[in-house]
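Colleague: Have a look at the structure that comes next, please.
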Amino acid sequence: MRIIFSALMLLLLSAQSMTMAQRRKTTVDLIIRGGTIVTMDASRRVIENGGVAVNNGRIVAVGDTAEIDRKYAAREVVNAGGKVVIPGLINGHTHVPMTLFRGIADDLDLQEWLTKYIFPAEAKNVTEDFVRVGARLGLAEMIRSGTTTYCDMYYFEDAIADETSKAGVRGVLGETVIDFPVADNKTYEEALAYTERFIKKWQGNALVVPAIAPHAPYTVSEAHLKAARALSDRLRAPIVIHISETKREVDDSVAAKGASPIDYLNRIGFLNNRIVAAHVVWPSEEELGLLKKLGVGIVHNPQSNMKLASGTAPVPEMLKENLPVGLGTDGAASNNDLNLWEEMDTAAKLHKLISHDPKVLNALEAFEMATIRGARALHLENEIGSIEKGKRADLVVVDLDALNQTPSYNIYSDLVYATKAADVRTVIIEGRVVMRERRLLTLNEDAIKADARRYRERIVQSVGVKTLPEE
Ligand SMILES: [Zn+2]
């Protein structure tokens, strides 16, 4: 009798201590457990069999799985055993609706491509509906390839912001202002008024950072560039712009204004630490120093620059000077996809080839450009770009056992040179799972493809695209 009583007491006591231990655990929204965590924090810590706890859209703890399990219980658990967990990739420059112009005109230089094909096709086709359909297509493609933040520049950016927030994706979204009538605004004044309303509407949103995007110093006058900068100052909003994309742009600028694009923009007081400058292919050494001093973010678009033969940006020099330079795809019409894995791989190889030095732009540096350095380029390094306590929970679970990743020796080498977009399994943005085991949860892939194909017919009619090679 006494033995039974003691056994019962023991059972009761252990049950009590169990519940006390459970009570000591903090309940959070989501835990990722069991993966190799590539944190990209300041010490570039990689945690084997690690875990990440997420609550209210932010990372609350990063550590060993055992430590996370001891402290946290979660409403949702993502098992990353045998996989790698990385910070969400950052596409620093694109024009997301241009996915609908994918492949419309290839193998041309920038000026011919822009003036003969892209601008006319845009004039005839771009509407708010077009922009929404193209944005959904691009957003689905980016989620599928592990991109969690992108920086955009297009028209009807308010509709793009709406689609982006519905898809649960993070974006620095810039409304394009340009010195000719475009689909959403017929004058510069209207465009500025639209942009001001757009910025005020989205500022403070958890996912969308609204911005103003003067197209380039050769398509926007000095007065209008100054007006854009004044609006950015007044609303404390970022500016997205193309700078020094081609040699011709630099030569034309020197001929017309007596200064290179960067020199000219500096002279008119346009540059500061809220600027995100796409391309910067043709800066001088002094200009790189100037961009560094002013804190201008830079986005390198290796595949777009190669396809349009625009030149090779001096990225190894930018890295040597620790400039905030990220990676972008540019629009799908000049790439022709929105795949950051390819940009990492291409950037690393392009700069080795050009410099005749296989040691420049190593795998870790390429991965930095797609994550933490890319976050610096967008002036968001305190929010995204690494897996650290307090940052936004933008996390991507990637396979590590695909044939193309086997065997594995070095995680950064695996990620940059061997991993493909199709190896991305699960994507979490702001703590929300938007793709689980390759199934999109916020977007309907079949509907997106049907809508895009419908637009293809319309675009072919409008600009007479040749769809078959001539005999
Ligand atoms: Zn661009």
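Here's how to read the names in the structure tokens: chain A, B, ... by the order shown, residue numbers from 1 in each chain, ligand numbers from 1 in the order shown.
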For ligand 1, return the neighbouring residues as a list in words (distance at most 8 Å; only C-alpha atoms and all ligand atoms).
Modeller: His93, Thr94, His95, Met153, His242, Ala278, His279, Asp330 and Gly331 of chain A
Colleague: Quick one: everything within 8 Å of A:Lys25, counting only C-alpha atoms, minus sequence neighbours fewer than 4 positions away in the same chain. Send it as a list in words.
Modeller: Ala21, Arg70, Lys71, Tyr72 and Ala73 of chain A
Colleague: Go ahead and save the picked residues with C-alpha atoms, as a short mmCIF file (atom, residue, chain, number, x, y, z; two decimals), in the first residue's frame.
Modeller:
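part_13.cif, freshly written:
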data_model
loop_
_atom_site.label_atom_id
_atom_site.label_comp_id
_atom_site.auth_asym_id
_atom_site.auth_seq_id
_atom_site.Cartn_x
_atom_site.Cartn_y
_atom_site.Cartn_z
CA ALA A 21 8.83 23.46 -16.98
CA ARG A 70 14.11 24.66 -23.66
CA LYS A 71 12.94 28.26 -23.70
CA TYR A 72 10.17 28.39 -26.28
CA ALA A 73 6.98 26.63 -27.29
#
Colleague: Could you tell me, as an NGL selection string, which residues of stretch 59-268 of chain A DSSP assigns to strand (DSSP E or B) when given the backbone?
Modeller: :A and (59-64 or 72-79 or 84-87 or 89-94 or 147-154 or 170-177 or 208-214 or 239-243)
Colleague: What is the atom CA of A:Leu100 to atom CA of A:Thr164 distance in Å?
Modeller: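 Atom CA of A:Leu100 sits 16.5 Å away from atom CA of A:Thr164.
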Colleague: Which distance in Å separates atom CA of A:Ile428 and atom CA of A:Gly88, to one decimal?
Modeller: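 Between atom CA of A:Ile428 and atom CA of A:Gly88 the gap works out to 8.0 Å.
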Colleague: How would you write, as a ChimeraX atom specification, the set of residues in stretch 200-318 of chain A that DSSP gives as helix (DSSP H, G or I)?
Modeller: /A:200-202,222-235,247-257,261-267,285-294,302-307,315-318
Colleague: Could you check the closest approach to A:His300 for each of A:Thr219, A:Asn362, A:Ala370, A:Leu403 and tell me which residue wins, using only C-alpha atoms?
Modeller: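 Checking each of A:Thr219, A:Asn362, A:Ala370, A:Leu403 against A:His300, counting only C-alpha atoms, the winner is A:Ala370.
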Colleague: Set the distance at 8 Å and use only C-alpha atoms: which residues neighbour stretch 434-446 of chain A once local chain neighbours fewer than 2 positions away are removed? I'd like the list as a PyMOL selection string.
Modeller: chain A and resi 136+140+143-144+166-168+424-429+432+448-450
Colleague: Name the residues in contact with stretch 30-33 of chain A at a cut-off of 7 Å, using only C-alpha atoms, excluding same-chain residues fewer than 5 positions from it; report them as a ChimeraX atom specification.
Modeller: /A:50-55,65,74-81
Colleague: Contacts of A:Ala237 at 10 Å or less, counting only C-alpha atoms, minus same-chain residues fewer than 6 places along, as a list in words?
Modeller: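 Using only C-alpha atoms, the neighbours found are Val172, Gly174, Glu196, Ile199, Lys200, Gln203, Val209, Pro210, Ala211, Ile212, Arg229, Leu231, Arg274 and Ile275 of chain A.
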Colleague: Take the residues just selected and output them with N, CA, C and O atoms as a PDB file, in the first residue's frame.
Modeller:
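This is the output file result_18.pdb:
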ATOM      1  N   VAL A 172      10.670  47.854 -51.005  1.00  0.00           N
ATOM      2  CA  VAL A 172      10.907  49.295 -51.088  1.00  0.00           C
ATOM      3  C   VAL A 172      10.381  49.657 -52.467  1.00  0.00           C
ATOM      4  O   VAL A 172      10.945  49.249 -53.483  1.00  0.00           O
ATOM      5  N   GLY A 174       9.118  52.202 -55.349  1.00  0.00           N
ATOM      6  CA  GLY A 174       9.259  53.578 -55.818  1.00  0.00           C
ATOM      7  C   GLY A 174       8.345  53.879 -56.995  1.00  0.00           C
ATOM      8  O   GLY A 174       8.378  53.184 -57.998  1.00  0.00           O
ATOM      9  N   GLU A 196       3.255  61.696 -53.585  1.00  0.00           N
ATOM     10  CA  GLU A 196       3.075  62.165 -52.198  1.00  0.00           C
ATOM     11  C   GLU A 196       1.915  61.416 -51.521  1.00  0.00           C
ATOM     12  O   GLU A 196       2.044  60.965 -50.382  1.00  0.00           O
ATOM     13  N   ILE A 199       3.085  57.820 -50.865  1.00  0.00           N
ATOM     14  CA  ILE A 199       4.027  57.685 -49.744  1.00  0.00           C
ATOM     15  C   ILE A 199       3.295  57.830 -48.413  1.00  0.00           C
ATOM     16  O   ILE A 199       3.478  57.027 -47.494  1.00  0.00           O
ATOM     17  N   LYS A 200       2.428  58.836 -48.334  1.00  0.00           N
ATOM     18  CA  LYS A 200       1.714  59.063 -47.068  1.00  0.00           C
ATOM     19  C   LYS A 200       0.818  57.879 -46.710  1.00  0.00           C
ATOM     20  O   LYS A 200       0.656  57.531 -45.548  1.00  0.00           O
ATOM     21  N   GLN A 203       3.421  54.774 -45.669  1.00  0.00           N
ATOM     22  CA  GLN A 203       4.448  54.926 -44.642  1.00  0.00           C
ATOM     23  C   GLN A 203       3.979  54.322 -43.322  1.00  0.00           C
ATOM     24  O   GLN A 203       2.831  54.516 -42.937  1.00  0.00           O
ATOM     25  N   VAL A 209       7.828  49.893 -47.845  1.00  0.00           N
ATOM     26  CA  VAL A 209       8.499  51.187 -47.658  1.00  0.00           C
ATOM     27  C   VAL A 209       8.284  51.979 -48.952  1.00  0.00           C
ATOM     28  O   VAL A 209       8.887  51.681 -49.976  1.00  0.00           O
ATOM     29  N   PRO A 210       7.398  52.977 -48.936  1.00  0.00           N
ATOM     30  CA  PRO A 210       7.128  53.713 -50.173  1.00  0.00           C
ATOM     31  C   PRO A 210       8.260  54.687 -50.495  1.00  0.00           C
ATOM     32  O   PRO A 210       8.863  55.264 -49.600  1.00  0.00           O
ATOM     33  N   ALA A 211       8.528  54.854 -51.802  1.00  0.00           N
ATOM     34  CA  ALA A 211       9.647  55.691 -52.229  1.00  0.00           C
ATOM     35  C   ALA A 211       9.282  56.461 -53.491  1.00  0.00           C
ATOM     36  O   ALA A 211       8.280  56.163 -54.149  1.00  0.00           O
ATOM     37  N   ILE A 212      10.127  57.445 -53.826  1.00  0.00           N
ATOM     38  CA  ILE A 212       9.962  58.159 -55.093  1.00  0.00           C
ATOM     39  C   ILE A 212      11.099  57.728 -56.014  1.00  0.00           C
ATOM     40  O   ILE A 212      12.233  57.578 -55.578  1.00  0.00           O
ATOM     41  N   ARG A 229      13.873  65.291 -54.811  1.00  0.00           N
ATOM     42  CA  ARG A 229      14.698  65.269 -53.602  1.00  0.00           C
ATOM     43  C   ARG A 229      13.996  66.028 -52.463  1.00  0.00           C
ATOM     44  O   ARG A 229      14.012  65.598 -51.300  1.00  0.00           O
ATOM     45  N   LEU A 231      10.786  66.361 -52.027  1.00  0.00           N
ATOM     46  CA  LEU A 231       9.693  65.515 -51.529  1.00  0.00           C
ATOM     47  C   LEU A 231      10.252  64.424 -50.613  1.00  0.00           C
ATOM     48  O   LEU A 231       9.685  64.148 -49.535  1.00  0.00           O
ATOM     49  N   ARG A 274      19.667  58.549 -48.465  1.00  0.00           N
ATOM     50  CA  ARG A 274      18.361  57.914 -48.693  1.00  0.00           C
ATOM     51  C   ARG A 274      18.250  57.412 -50.137  1.00  0.00           C
ATOM     52  O   ARG A 274      17.215  56.891 -50.533  1.00  0.00           O
ATOM     53  N   ILE A 275      19.343  57.585 -50.898  1.00  0.00           N
ATOM     54  CA  ILE A 275      19.322  57.200 -52.318  1.00  0.00           C
ATOM     55  C   ILE A 275      19.682  55.728 -52.498  1.00  0.00           C
ATOM     56  O   ILE A 275      20.625  55.220 -51.876  1.00  0.00           O
TER      57      ILE A 275
END
Colleague: Go through stretch 35-146 of chain A residue by residue and, counting only C-alpha atoms, keep those with an atom at most 6 Å from stretch 386-393 of chain A; for each kept residue give the shortest atom pair and its distance in Å to one decimal, ordered by chain and increasing number, as JSON lines.
Modeller:
{"residue": "A:Thr39", "atom": "CA", "partner": "A:Ile387", "partner_atom": "CA", "distance": 4.6}
{"residue": "A:Met40", "atom": "CA", "partner": "A:Ser386", "partner_atom": "CA", "distance": 4.9}
{"residue": "A:Asp41", "atom": "CA", "partner": "A:Ser386", "partner_atom": "CA", "distance": 5.6}
{"residue": "A:Gly57", "atom": "CA", "partner": "A:Ala393", "partner_atom": "CA", "distance": 5.5}
{"residue": "A:Arg58", "atom": "CA", "partner": "A:Arg392", "partner_atom": "CA", "distance": 4.3}
{"residue": "A:Ile59", "atom": "CA", "partner": "A:Lys389", "partner_atom": "CA", "distance": 5.0}
{"residue": "A:Val60", "atom": "CA", "partner": "A:Lys389", "partner_atom": "CA", "distance": 5.0}
{"residue": "A:Ala61", "atom": "CA", "partner": "A:Lys389", "partner_atom": "CA", "distance": 5.3}
{"residue": "A:Pro87", "atom": "CA", "partner": "A:Ser386", "partner_atom": "CA", "distance": 5.2}
Colleague: Taking only C-alpha atoms into account, name the residue in A:Asn335, A:Leu235, A:Val433, A:Leu192 that is nearest to A:Val396.
Modeller: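 Of all the options, A:Val433 lies closest to A:Val396.
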